[in-house]
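The next block is start-v2.json, given as JSON, C-alpha atoms.
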```json
[["chain", "number", "residue", "atom", "x", "y", "z"],
["A", 19, "THR", "CA", -22.90, 46.52, -31.15],
["A", 20, "ASP", "CA", -19.89, 45.90, -33.35],
["A", 21, "SER", "CA", -21.09, 47.54, -36.58],
["A", 22, "PRO", "CA", -22.35, 51.03, -37.48],
["A", 23, "GLU", "CA", -25.55, 49.43, -38.78],
["A", 24, "LEU", "CA", -26.33, 48.03, -35.34],
["A", 25, "VAL", "CA", -25.56, 51.34, -33.64],
["A", 26, "ARG", "CA", -27.90, 53.19, -35.99],
["A", 27, "LEU", "CA", -30.60, 50.56, -35.48],
["A", 28, "VAL", "CA", -30.55, 51.02, -31.70],
["A", 29, "VAL", "CA", -30.61, 54.82, -32.01],
["A", 30, "GLU", "CA", -33.53, 54.69, -34.47],
["A", 31, "LYS", "CA", -35.53, 52.20, -32.38],
["A", 32, "ALA", "CA", -35.10, 54.32, -29.25],
["A", 33, "ALA", "CA", -35.88, 57.69, -30.87],
["A", 34, "PRO", "CA", -39.71, 57.49, -30.70],
["A", 35, "THR", "CA", -39.63, 56.84, -26.94],
["A", 36, "GLY", "CA", -38.08, 60.21, -26.14],
["A", 37, "VAL", "CA", -35.59, 58.42, -23.89],
["A", 38, "THR", "CA", -31.95, 58.81, -24.81],
["A", 39, "VAL", "CA", -30.25, 55.50, -25.51],
["A", 40, "LEU", "CA", -26.53, 55.66, -26.23],
["A", 41, "PRO", "CA", -25.29, 52.37, -27.72],
["A", 42, "VAL", "CA", -21.64, 51.77, -26.89],
["A", 43, "GLY", "CA", -19.60, 50.36, -29.74],
["A", 44, "ALA", "CA", -17.71, 47.11, -29.29],
["A", 45, "VAL", "CA", -13.91, 47.25, -29.26],
["A", 46, "THR", "CA", -13.51, 43.88, -30.97],
["A", 47, "LYS", "CA", -15.72, 42.07, -33.45],
["A", 48, "GLY", "CA", -18.13, 39.76, -31.68],
["A", 49, "LEU", "CA", -16.40, 40.65, -28.40],
["A", 50, "GLY", "CA", -13.89, 38.01, -29.49],
["A", 51, "GLY", "CA", -10.78, 39.92, -28.44],
["A", 52, "ALA", "CA", -9.07, 39.22, -31.76],
["A", 53, "GLU", "CA", -9.97, 41.89, -34.34],
["A", 54, "LEU", "CA", -10.74, 45.57, -33.79],
["A", 55, "THR", "CA", -13.98, 47.08, -35.06],
["A", 56, "ASP", "CA", -14.12, 50.26, -37.18],
["A", 57, "PHE", "CA", -14.00, 52.90, -34.44],
["A", 58, "ALA", "CA", -14.51, 55.87, -36.77],
["A", 59, "ALA", "CA", -17.59, 54.29, -38.35],
["A", 60, "LEU", "CA", -19.06, 53.44, -34.94],
["A", 61, "LYS", "CA", -18.56, 57.03, -33.77],
["A", 62, "GLN", "CA", -20.14, 58.45, -36.90],
["A", 63, "ALA", "CA", -23.15, 56.17, -36.38],
["A", 64, "GLY", "CA", -23.67, 57.57, -32.86],
["A", 65, "ALA", "CA", -21.57, 55.51, -30.42],
["A", 66, "PRO", "CA", -20.23, 57.80, -27.64],
["A", 67, "ALA", "CA", -17.70, 55.27, -26.35],
["A", 68, "LEU", "CA", -16.13, 51.87, -26.93],
["A", 69, "SER", "CA", -16.20, 48.75, -24.76],
["A", 70, "ASP", "CA", -16.16, 44.97, -24.83],
["A", 71, "ASP", "CA", -18.45, 45.12, -21.79],
["A", 72, "GLY", "CA", -17.74, 42.34, -19.29],
["A", 73, "VAL", "CA", -15.22, 40.60, -21.54],
["A", 74, "PRO", "CA", -11.64, 41.65, -20.65],
["A", 75, "ILE", "CA", -9.28, 42.10, -23.60],
["A", 76, "GLN", "CA", -6.43, 39.76, -22.73],
["A", 77, "ASP", "CA", -4.11, 40.53, -25.66],
["A", 78, "GLU", "CA", -2.03, 43.48, -24.41],
["A", 79, "LYS", "CA", -0.80, 44.33, -27.90],
["A", 80, "LEU", "CA", -4.37, 44.47, -29.19],
["A", 81, "LEU", "CA", -5.51, 46.56, -26.20],
["A", 82, "ARG", "CA", -2.71, 49.03, -26.87],
["A", 83, "GLN", "CA", -3.77, 49.27, -30.51],
["A", 84, "ALA", "CA", -7.35, 49.80, -29.38],
["A", 85, "MET", "CA", -6.33, 52.64, -27.09],
["A", 86, "GLU", "CA", -4.32, 54.31, -29.83],
["A", 87, "ALA", "CA", -7.24, 53.99, -32.26],
["A", 88, "ALA", "CA", -9.74, 55.24, -29.66],
["A", 89, "LYS", "CA", -7.58, 58.28, -28.96],
["A", 90, "ALA", "CA", -7.35, 58.99, -32.69],
["A", 91, "VAL", "CA", -11.15, 59.23, -33.01],
["A", 92, "GLY", "CA", -11.66, 60.93, -29.64],
["A", 93, "LEU", "CA", -13.67, 58.22, -27.88],
["A", 94, "PRO", "CA", -13.22, 56.92, -24.32],
["A", 95, "LEU", "CA", -12.60, 53.20, -23.87],
["A", 96, "LEU", "CA", -14.80, 51.72, -21.12],
["A", 97, "ASP", "CA", -12.96, 48.78, -19.64],
["A", 98, "HIS", "CA", -13.98, 45.83, -17.50],
["A", 99, "CYS", "CA", -10.59, 45.77, -15.82],
["A", 100, "GLU", "CA", -9.99, 42.17, -14.80],
["A", 101, "ASP", "CA", -7.48, 39.54, -15.85],
["A", 102, "LYS", "CA", -9.62, 36.81, -17.41],
["A", 103, "ASP", "CA", -7.00, 34.15, -16.70],
["A", 104, "LEU", "CA", -7.22, 34.90, -12.97],
["A", 105, "VAL", "CA", -10.98, 35.20, -12.62],
["A", 106, "GLN", "CA", -12.32, 32.57, -15.07],
["A", 107, "ASN", "CA", -16.06, 32.40, -14.37],
["A", 108, "TYR", "CA", -15.63, 32.23, -10.62],
["A", 109, "ALA", "CA", -18.60, 33.35, -8.54],
["A", 110, "VAL", "CA", -17.14, 34.96, -5.42],
["A", 111, "ASN", "CA", -14.26, 37.00, -4.10],
["A", 112, "ALA", "CA", -11.13, 35.04, -3.19],
["A", 113, "GLY", "CA", -11.04, 34.81, 0.58],
["A", 114, "PRO", "CA", -12.82, 33.32, 3.61],
["A", 115, "VAL", "CA", -16.26, 33.12, 1.95],
["A", 116, "ALA", "CA", -14.92, 31.29, -1.09],
["A", 117, "GLU", "CA", -13.03, 28.92, 1.20],
["A", 118, "LYS", "CA", -16.13, 28.29, 3.32],
["A", 119, "LEU", "CA", -18.16, 27.50, 0.20],
["A", 120, "GLY", "CA", -15.41, 25.37, -1.28],
["A", 121, "LEU", "CA", -15.30, 27.48, -4.44],
["A", 122, "PRO", "CA", -12.42, 29.09, -6.34],
["A", 123, "GLY", "CA", -12.40, 32.87, -5.91],
["A", 124, "ARG", "CA", -11.72, 35.98, -7.95],
["A", 125, "PRO", "CA", -8.65, 37.68, -6.40],
["A", 126, "ALA", "CA", -8.68, 41.44, -5.88],
["A", 127, "ILE", "CA", -5.35, 41.65, -7.67],
["A", 128, "ALA", "CA", -7.14, 40.65, -10.88],
["A", 129, "GLU", "CA", -8.37, 44.26, -11.07],
["A", 130, "GLY", "CA", -4.92, 45.15, -12.26],
["A", 131, "GLU", "CA", -2.91, 48.18, -13.23],
["A", 132, "ARG", "CA", -2.13, 47.12, -16.82],
["A", 133, "ASP", "CA", -4.85, 49.25, -18.35],
["A", 134, "GLY", "CA", -3.78, 52.38, -16.49],
["A", 135, "ARG", "CA", -0.22, 51.83, -17.63],
["A", 136, "LEU", "CA", -1.28, 51.47, -21.26],
["A", 137, "ALA", "CA", -3.45, 54.57, -21.00],
["A", 138, "GLU", "CA", -0.46, 56.48, -19.67],
["A", 139, "GLU", "CA", 1.70, 55.27, -22.55],
["A", 140, "THR", "CA", -0.86, 55.97, -25.29],
["A", 141, "GLY", "CA", -2.56, 59.09, -23.92],
["A", 142, "ALA", "CA", -5.97, 57.47, -24.42],
["A", 143, "HIS", "CA", -8.96, 58.11, -22.17],
["A", 144, "ILE", "CA", -9.56, 54.89, -20.25],
["A", 145, "HIS", "CA", -12.64, 54.55, -18.06],
["A", 146, "ILE", "CA", -12.59, 51.75, -15.50],
["A", 147, "CYS", "CA", -16.04, 50.24, -15.05],
["A", 148, "HIS", "CA", -17.58, 49.14, -11.74],
["A", 149, "ILE", "CA", -14.44, 49.45, -9.62],
["A", 150, "SER", "CA", -14.72, 47.20, -6.56],
["A", 151, "THR", "CA", -11.47, 47.10, -4.57],
["A", 152, "ALA", "CA", -9.55, 49.52, -2.39],
["A", 153, "ARG", "CA", -6.39, 48.56, -4.28],
["A", 154, "SER", "CA", -7.93, 49.55, -7.61],
["A", 155, "VAL", "CA", -9.04, 52.89, -6.19],
["A", 156, "ASP", "CA", -5.47, 53.56, -5.09],
["A", 157, "ILE", "CA", -4.13, 52.62, -8.55],
["A", 158, "VAL", "CA", -6.52, 55.11, -10.17],
["A", 159, "ARG", "CA", -5.70, 57.75, -7.55],
["A", 160, "GLN", "CA", -1.99, 57.46, -8.32],
["A", 161, "ALA", "CA", -2.59, 57.44, -12.08],
["A", 162, "LYS", "CA", -4.65, 60.63, -11.86],
["A", 163, "ALA", "CA", -1.89, 62.26, -9.83],
["A", 164, "ARG", "CA", 0.52, 61.50, -12.69],
["A", 165, "GLY", "CA", -1.84, 63.14, -15.17],
["A", 166, "VAL", "CA", -3.17, 59.97, -16.81],
["A", 167, "THR", "CA", -6.54, 60.45, -18.56],
["A", 168, "VAL", "CA", -8.37, 57.90, -16.46],
["A", 169, "THR", "CA", -11.87, 58.01, -15.01],
["A", 170, "CYS", "CA", -13.76, 55.35, -13.09],
["A", 171, "GLU", "CA", -17.11, 54.41, -11.65],
["A", 172, "THR", "CA", -18.55, 52.22, -8.92],
["A", 173, "CYS", "CA", -22.00, 50.85, -8.08],
["A", 174, "PRO", "CA", -24.08, 50.94, -4.87],
["A", 175, "GLN", "CA", -23.43, 47.27, -4.12],
["A", 176, "TYR", "CA", -19.72, 47.97, -3.76],
["A", 177, "PHE", "CA", -20.18, 50.58, -1.01],
["A", 178, "THR", "CA", -23.04, 48.84, 0.81],
["A", 179, "LEU", "CA", -22.47, 45.06, 0.69],
["A", 180, "THR", "CA", -19.59, 42.68, 1.39],
["A", 181, "GLU", "CA", -18.82, 39.12, 0.33],
["A", 182, "GLN", "CA", -20.69, 37.95, 3.44],
["A", 183, "GLU", "CA", -23.90, 38.70, 1.55],
["A", 184, "VAL", "CA", -23.20, 35.66, -0.64],
["A", 185, "LEU", "CA", -23.53, 33.44, 2.43],
["A", 186, "ARG", "CA", -26.93, 34.98, 3.18],
["A", 187, "GLN", "CA", -28.40, 35.30, -0.33],
["A", 188, "GLY", "CA", -26.40, 32.97, -2.55],
["A", 189, "SER", "CA", -26.79, 33.57, -6.28],
["A", 190, "MET", "CA", -28.81, 36.74, -5.73],
["A", 191, "ALA", "CA", -25.62, 38.35, -4.44],
["A", 192, "ARG", "CA", -23.46, 37.11, -7.32],
["A", 193, "VAL", "CA", -22.17, 40.06, -9.35],
["A", 194, "ASN", "CA", -19.22, 40.73, -11.64],
["A", 195, "PRO", "CA", -16.81, 41.84, -10.25],
["A", 196, "PRO", "CA", -17.79, 40.14, -6.99],
["A", 197, "LEU", "CA", -18.68, 41.69, -3.68],
["A", 198, "ARG", "CA", -15.49, 42.24, -1.70],
["A", 199, "THR", "CA", -14.40, 42.82, 1.91],
["A", 200, "GLN", "CA", -15.32, 45.48, 4.46],
["A", 201, "GLU", "CA", -11.89, 47.03, 3.86],
["A", 202, "ASP", "CA", -12.73, 47.31, 0.17],
["A", 203, "VAL", "CA", -16.07, 48.92, 0.97],
["A", 204, "ALA", "CA", -14.21, 51.52, 3.05],
["A", 205, "GLY", "CA", -11.76, 52.07, 0.19],
["A", 206, "ILE", "CA", -14.57, 52.60, -2.31],
["A", 207, "ILE", "CA", -16.26, 55.13, -0.03],
["A", 208, "GLN", "CA", -12.98, 56.99, 0.46],
["A", 209, "GLY", "CA", -12.50, 57.07, -3.31],
["A", 210, "LEU", "CA", -15.94, 58.63, -3.71],
["A", 211, "VAL", "CA", -15.27, 61.16, -0.97],
["A", 212, "ASP", "CA", -11.89, 62.32, -2.29],
["A", 213, "GLY", "CA", -13.00, 62.40, -5.92],
["A", 214, "THR", "CA", -10.93, 59.49, -7.21],
["A", 215, "ILE", "CA", -14.13, 57.73, -8.27],
["A", 216, "ASP", "CA", -15.91, 59.98, -10.74],
["A", 217, "ALA", "CA", -19.32, 58.38, -11.12],
["A", 218, "ILE", "CA", -21.92, 56.14, -9.48],
["A", 219, "VAL", "CA", -23.71, 53.85, -11.95],
["A", 220, "THR", "CA", -25.98, 50.80, -11.80],
["A", 221, "ASP", "CA", -24.38, 48.03, -13.90],
["A", 222, "HIS", "CA", -28.06, 47.05, -14.27],
["A", 223, "ALA", "CA", -28.19, 43.35, -15.18],
["A", 224, "PRO", "CA", -31.63, 41.71, -15.14],
["A", 225, "HIS", "CA", -31.93, 37.92, -14.92],
["A", 226, "SER", "CA", -34.97, 35.70, -14.52],
["A", 227, "ALA", "CA", -35.88, 34.05, -11.22],
["A", 228, "GLU", "CA", -35.13, 30.68, -12.81],
["A", 229, "GLU", "CA", -31.63, 31.77, -13.78],
["A", 230, "LYS", "CA", -30.86, 33.15, -10.34],
["A", 231, "ALA", "CA", -32.25, 29.98, -8.70],
["A", 232, "ARG", "CA", -29.37, 27.97, -10.11],
["A", 233, "PRO", "CA", -26.50, 26.92, -7.80],
["A", 234, "LEU", "CA", -24.07, 29.74, -7.07],
["A", 235, "ALA", "CA", -21.34, 28.44, -9.37],
["A", 236, "GLU", "CA", -23.78, 28.11, -12.29],
["A", 237, "ALA", "CA", -25.98, 31.19, -11.90],
["A", 238, "PRO", "CA", -25.39, 34.30, -14.01],
["A", 239, "SER", "CA", -23.72, 37.33, -12.44],
["A", 240, "GLY", "CA", -25.58, 40.59, -12.01],
["A", 241, "MET", "CA", -28.34, 42.45, -10.25],
["A", 242, "VAL", "CA", -30.85, 45.11, -11.27],
["A", 243, "GLY", "CA", -30.04, 48.61, -10.13],
["A", 244, "LEU", "CA", -32.09, 51.22, -11.99],
["A", 245, "GLU", "CA", -34.80, 51.54, -9.35],
["A", 246, "THR", "CA", -32.61, 51.40, -6.25],
["A", 247, "SER", "CA", -29.39, 53.19, -7.18],
["A", 248, "LEU", "CA", -30.37, 56.71, -6.11],
["A", 249, "ALA", "CA", -32.09, 55.58, -2.91],
["A", 250, "LEU", "CA", -29.18, 53.36, -1.86],
["A", 251, "THR", "CA", -26.67, 56.11, -2.59],
["A", 252, "LEU", "CA", -28.64, 58.67, -0.60],
["A", 253, "THR", "CA", -29.09, 56.21, 2.26],
["A", 254, "ALA", "CA", -25.48, 55.05, 2.44],
["A", 255, "LEU", "CA", -23.61, 58.22, 1.55],
["A", 256, "TYR", "CA", -25.77, 61.35, 1.89],
["A", 257, "HIS", "CA", -27.70, 60.51, 5.05],
["A", 258, "THR", "CA", -24.51, 59.31, 6.73],
["A", 259, "GLY", "CA", -22.76, 62.60, 5.99],
["A", 260, "LYS", "CA", -20.13, 61.11, 3.69],
["A", 261, "LEU", "CA", -21.22, 62.97, 0.53],
["A", 262, "SER", "CA", -23.15, 66.20, 0.13],
["A", 263, "LEU", "CA", -26.32, 66.21, -1.95],
["A", 264, "PRO", "CA", -24.65, 68.17, -4.79],
["A", 265, "HIS", "CA", -21.85, 65.60, -4.87],
["A", 266, "VAL", "CA", -24.33, 62.72, -5.08],
["A", 267, "VAL", "CA", -26.20, 64.43, -7.92],
["A", 268, "ALA", "CA", -22.97, 65.21, -9.78],
["A", 269, "LYS", "CA", -21.68, 61.65, -9.58],
["A", 270, "MET", "CA", -24.97, 60.31, -10.96],
["A", 271, "SER", "CA", -25.59, 62.89, -13.72],
["A", 272, "CYS", "CA", -22.97, 65.50, -14.60],
["A", 273, "ALA", "CA", -19.95, 63.21, -14.33],
["A", 274, "PRO", "CA", -21.33, 60.35, -16.47],
["A", 275, "ALA", "CA", -22.44, 62.86, -19.11],
["A", 276, "LEU", "CA", -18.98, 64.43, -19.25],
["A", 277, "ILE", "CA", -17.24, 61.04, -19.46],
["A", 278, "LEU", "CA", -19.37, 60.21, -22.51],
["A", 279, "GLY", "CA", -18.96, 63.66, -24.04],
["A", 280, "GLN", "CA", -22.67, 64.50, -23.77],
["A", 281, "LYS", "CA", -22.60, 68.29, -23.39],
["A", 282, "ARG", "CA", -26.40, 68.67, -23.60],
["A", 283, "LYS", "CA", -26.99, 66.27, -20.73],
["A", 284, "GLY", "CA", -26.32, 66.06, -17.02],
["A", 285, "ASN", "CA", -26.87, 69.74, -16.27],
["A", 286, "LEU", "CA", -29.55, 72.36, -15.75],
["A", 287, "ALA", "CA", -29.04, 75.09, -18.31],
["A", 288, "VAL", "CA", -30.76, 76.76, -21.22],
["A", 289, "GLY", "CA", -30.19, 74.61, -24.28],
["A", 290, "SER", "CA", -29.63, 71.40, -22.34],
["A", 291, "ASP", "CA", -31.90, 68.40, -22.78],
["A", 292, "ALA", "CA", -34.84, 68.38, -20.36],
["A", 293, "ASP", "CA", -33.92, 64.99, -18.87],
["A", 294, "LEU", "CA", -34.68, 65.36, -15.18],
["A", 295, "VAL", "CA", -35.32, 63.35, -12.05],
["A", 296, "LEU", "CA", -37.29, 64.86, -9.18],
["A", 297, "PHE", "CA", -36.79, 63.10, -5.87],
["A", 298, "ASP", "CA", -37.53, 63.44, -2.19],
["A", 299, "PRO", "CA", -34.21, 62.84, -0.38],
["A", 300, "ASP", "CA", -35.94, 62.12, 2.93],
["A", 301, "GLU", "CA", -38.81, 59.80, 2.04],
["A", 302, "GLU", "CA", -38.40, 56.38, 3.65],
["A", 303, "TRP", "CA", -39.55, 53.21, 1.93],
["A", 304, "ILE", "CA", -38.96, 49.49, 1.91],
["A", 305, "VAL", "CA", -37.43, 48.02, -1.25],
["A", 306, "ASP", "CA", -39.95, 45.54, -2.68],
["A", 307, "PRO", "CA", -38.81, 43.97, -5.99],
["A", 308, "GLU", "CA", -42.40, 43.01, -6.81],
["A", 309, "GLU", "CA", -43.24, 46.69, -7.09],
["A", 310, "PHE", "CA", -40.49, 47.48, -9.62],
["A", 311, "ALA", "CA", -41.65, 49.03, -12.87],
["A", 312, "SER", "CA", -39.03, 47.11, -14.85],
["A", 313, "LYS", "CA", -39.19, 43.38, -15.50],
["A", 314, "GLY", "CA", -36.02, 42.60, -13.56],
["A", 315, "ARG", "CA", -36.52, 41.49, -9.95],
["A", 316, "ASN", "CA", -33.06, 40.12, -9.11],
["A", 317, "THR", "CA", -31.81, 42.32, -6.29],
["A", 318, "PRO", "CA", -30.19, 41.49, -2.95],
["A", 319, "PHE", "CA", -31.68, 44.70, -1.55],
["A", 320, "GLY", "CA", -35.23, 43.37, -1.16],
["A", 321, "GLY", "CA", -36.53, 44.31, 2.29],
["A", 322, "TRP", "CA", -33.99, 47.11, 2.77],
["A", 323, "GLN", "CA", -35.21, 50.34, 4.33],
["A", 324, "ALA", "CA", -34.08, 53.15, 2.08],
["A", 325, "LYS", "CA", -34.24, 56.90, 2.58],
["A", 326, "GLY", "CA", -34.75, 58.90, -0.60],
["A", 327, "ARG", "CA", -37.22, 58.20, -3.39],
["A", 328, "VAL", "CA", -37.69, 59.18, -7.01],
["A", 329, "LYS", "CA", -41.02, 60.97, -7.53],
["A", 330, "TYR", "CA", -40.87, 61.92, -11.22],
["A", 331, "THR", "CA", -38.72, 61.03, -14.21],
["A", 332, "ILE", "CA", -38.80, 63.48, -17.11],
["A", 333, "ALA", "CA", -37.32, 62.63, -20.50],
["A", 334, "SER", "CA", -37.13, 65.21, -23.28],
["A", 335, "GLY", "CA", -39.49, 67.40, -21.27],
["A", 336, "LYS", "CA", -42.18, 64.74, -20.83],
["A", 337, "VAL", "CA", -43.11, 62.98, -17.59],
["A", 338, "ILE", "CA", -42.52, 59.28, -18.23],
["A", 339, "TYR", "CA", -42.64, 58.03, -14.64],
["A", 340, "GLN", "CA", -44.58, 59.22, -11.61],
["A", 341, "ASP", "CA", -44.43, 57.60, -8.19],
["A", 342, "SER", "CA", -47.91, 56.46, -7.22]]
```
As structure tokens, how would this structure be written, given the file I've shared?
Amino acid sequence: TDSPELVRLVVEKAAPTGVTVLPVGAVTKGLGGAELTDFAALKQAGAPALSDDGVPIQDEKLLRQAMEAAKAVGLPLLDHCEDKDLVQNYAVNAGPVAEKLGLPGRPAIAEGERDGRLAEETGAHIHICHISTARSVDIVRQAKARGVTVTCETCPQYFTLTEQEVLRQGSMARVNPPLRTQEDVAGIIQGLVDGTIDAIVTDHAPHSAEEKARPLAEAPSGMVGLETSLALTLTALYHTGKLSLPHVVAKMSCAPALILGQKRKGNLAVGSDADLVLFDPDEEWIVDPEEFASKGRNTPFGGWQAKGRVKYTIASGKVIYQDS
């Protein structure tokens, strides 16, 4: 959404549903990485943040200008923090799995420190999306210790799966950034435990069965996550004693709301929006993509036994989902 007209259109289309949709404004026109959009106009139209989504901004001078402009209007910049020259459109992590498949890999070093350095220089709020490596967690940890305004998120696949899943499930396990090593999984979990990683999100990316049936190198990256994120987080982190229940809830509600400046959301208080999820943290169930309410079925978690299930979703005070 690179124009205020588009932002307003999304907000208006979503309004009758009662579900809050927050359209993020593009940093560059057409995600082309060449010309900045009008940040002030996007904010006025309702954009809570700025991002070029999965398209890294390669031009360092332009990225610096973007950070300065984002700071001036008080918006966070959500960044897919990879070096496009290093990752190309490669399907898997650089390492043994890539070598076994005979494919070029995306090196962990591609999740670089450039963006943190620029945030430190400009004073902008940079938010690193879907962090996937132990090295990146350490970079953010050190930046926070220096007082840099940096936040970050990860997704359930990065603390539950490794690159070995690609050998088992092929394109279904292709995501961007890619699944990494067991050491990276441990680093992500440690970052969640010590507070370096602020939020747990889905990076929900639906693709058709036909698209995901393509060869690994040609299939699109991404998996659906809306209907499994809470259960997988509870299973992998809460029921293993790594995170308390309040910490899980905070990383999936309060923290994302604060990052996006949404004071009426992500908390239980008089005057806050009645957007609530009621869940049973102990209910066990088998993940069956065919039972998903959404159209997306592309998940590598099919057949997983999860512990923790959403029972009700309430938006603007109205029940919009009830577990049958």
Query - From A:Gln340, A:Ser150, A:Gln200, A:Asn316, residue lying nearest Ala126 of chain A [only C-alpha atoms] - result: A:Ser150
**Report entry** Option closest in space to Leu252 of chain A, from A:Gly123, A:Gly335, A:Pro195, A:Pro264 [counting all atoms listed in the file]
**Finding:** A:Pro264
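Interatomic distance, atom CA of Ala223 of chain A to atom CA of Met85 of chain A: 26.6 Å.
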Query raised in the report: Hey, which of A:Lys79, A:Arg198, A:Lys283, A:Arg186 ends up closest to Ala333 of chain A? Count all atoms listed in the file.
Result: A:Lys283
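Among the candidate residues A:Gly92, A:Gly50, A:Pro34, A:Pro299, the one lying nearest to Ile75 of chain A is A:Gly50, with distances computed using all atoms listed in the file.
Nearest to His145 of chain A of all the residues A:Val73, A:Ile277, A:Ala249, A:Val45 is A:Ile277, based on all atoms listed in the file.
Using all atoms listed in the file for every distance, the candidate list A:Leu27, A:Leu68, A:Ala231, A:Cys272 yields A:Leu68 as the residue closest to Gly43 of chain A.
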Query - Contact residues around Pro274 of chain A with only C-alpha atoms at 9 Å, ignoring same-chain residues under 4 positions, as a count of residues only - result: 12
Query raised in the report: If you count all atoms listed in the file, which residues fall within 12 Å of Glu129 of chain A, apart from same-chain ones fewer than 3 positions away, as a PyMOL selection string?
Result: chain A and resi 74+97-105+111+124-126+132-134+146-158+194-196+198
Tell me which residues come within 10 Å of (-39.7, 54.7, 4.9), as a short mmCIF file (atom, residue, chain, number, x, y, z; two decimals) with C-alpha atoms, keeping the file's coordinate frame, counting all atoms listed in the file in the file's coordinates.
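Result saved to selection36.cif:
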```cif
data_model
loop_
_atom_site.label_atom_id
_atom_site.label_comp_id
_atom_site.auth_asym_id
_atom_site.auth_seq_id
_atom_site.Cartn_x
_atom_site.Cartn_y
_atom_site.Cartn_z
CA ASP A 300 -35.94 62.12 2.93
CA GLU A 301 -38.81 59.80 2.04
CA GLU A 302 -38.40 56.38 3.65
CA TRP A 303 -39.55 53.21 1.93
CA ILE A 304 -38.96 49.49 1.91
CA VAL A 305 -37.43 48.02 -1.25
CA TRP A 322 -33.99 47.11 2.77
CA GLN A 323 -35.21 50.34 4.33
CA ALA A 324 -34.08 53.15 2.08
CA LYS A 325 -34.24 56.90 2.58
CA GLY A 326 -34.75 58.90 -0.60
CA ARG A 327 -37.22 58.20 -3.39
#
```
May I ask you to restore all heavy atoms in segment 106-110 of chain A and write the result as a PDB file, in the frame of the given file?
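What ended up in result.pdb:
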```pdb
ATOM      1  N   GLN A 106     -11.512  33.609 -14.414  1.00  0.00           N
ATOM      2  CA  GLN A 106     -12.320  32.570 -15.070  1.00  0.00           C
ATOM      3  C   GLN A 106     -13.794  32.983 -15.014  1.00  0.00           C
ATOM      4  O   GLN A 106     -14.138  34.098 -15.339  1.00  0.00           O
ATOM      5  CB  GLN A 106     -12.092  31.223 -14.384  1.00  0.00           C
ATOM      6  CG  GLN A 106     -10.627  30.760 -14.382  1.00  0.00           C
ATOM      7  CD  GLN A 106     -10.097  30.433 -15.768  1.00  0.00           C
ATOM      8  OE1 GLN A 106     -10.807  29.880 -16.597  1.00  0.00           O
ATOM      9  NE2 GLN A 106      -8.849  30.795 -16.020  1.00  0.00           N
ATOM     10  N   ASN A 107     -14.660  32.056 -14.584  1.00  0.00           N
ATOM     11  CA  ASN A 107     -16.060  32.400 -14.370  1.00  0.00           C
ATOM     12  C   ASN A 107     -16.416  32.184 -12.902  1.00  0.00           C
ATOM     13  O   ASN A 107     -17.512  31.742 -12.555  1.00  0.00           O
ATOM     14  CB  ASN A 107     -16.978  31.535 -15.269  1.00  0.00           C
ATOM     15  CG  ASN A 107     -18.427  32.003 -15.226  1.00  0.00           C
ATOM     16  OD1 ASN A 107     -18.702  33.191 -15.140  1.00  0.00           O
ATOM     17  ND2 ASN A 107     -19.363  31.065 -15.264  1.00  0.00           N
ATOM     18  N   TYR A 108     -15.446  32.480 -12.041  1.00  0.00           N
ATOM     19  CA  TYR A 108     -15.630  32.230 -10.620  1.00  0.00           C
ATOM     20  C   TYR A 108     -16.702  33.160 -10.047  1.00  0.00           C
ATOM     21  O   TYR A 108     -16.880  34.291 -10.486  1.00  0.00           O
ATOM     22  CB  TYR A 108     -14.312  32.421  -9.876  1.00  0.00           C
ATOM     23  CG  TYR A 108     -13.208  31.498 -10.337  1.00  0.00           C
ATOM     24  CD1 TYR A 108     -11.868  31.868 -10.224  1.00  0.00           C
ATOM     25  CD2 TYR A 108     -13.497  30.260 -10.917  1.00  0.00           C
ATOM     26  CE1 TYR A 108     -10.841  31.025 -10.642  1.00  0.00           C
ATOM     27  CE2 TYR A 108     -12.474  29.413 -11.338  1.00  0.00           C
ATOM     28  CZ  TYR A 108     -11.149  29.813 -11.209  1.00  0.00           C
ATOM     29  OH  TYR A 108     -10.139  28.971 -11.640  1.00  0.00           O
ATOM     30  N   ALA A 109     -17.397  32.674  -9.017  1.00  0.00           N
ATOM     31  CA  ALA A 109     -18.600  33.350  -8.540  1.00  0.00           C
ATOM     32  C   ALA A 109     -18.378  34.337  -7.408  1.00  0.00           C
ATOM     33  O   ALA A 109     -19.181  35.245  -7.211  1.00  0.00           O
ATOM     34  CB  ALA A 109     -19.624  32.298  -8.090  1.00  0.00           C
ATOM     35  N   VAL A 110     -17.298  34.154  -6.627  1.00  0.00           N
ATOM     36  CA  VAL A 110     -17.140  34.960  -5.420  1.00  0.00           C
ATOM     37  C   VAL A 110     -15.715  35.478  -5.287  1.00  0.00           C
ATOM     38  O   VAL A 110     -14.788  35.017  -5.957  1.00  0.00           O
ATOM     39  CB  VAL A 110     -17.478  34.129  -4.153  1.00  0.00           C
ATOM     40  CG1 VAL A 110     -18.963  33.823  -4.105  1.00  0.00           C
ATOM     41  CG2 VAL A 110     -16.674  32.838  -4.102  1.00  0.00           C
TER      42      VAL A 110
END
```
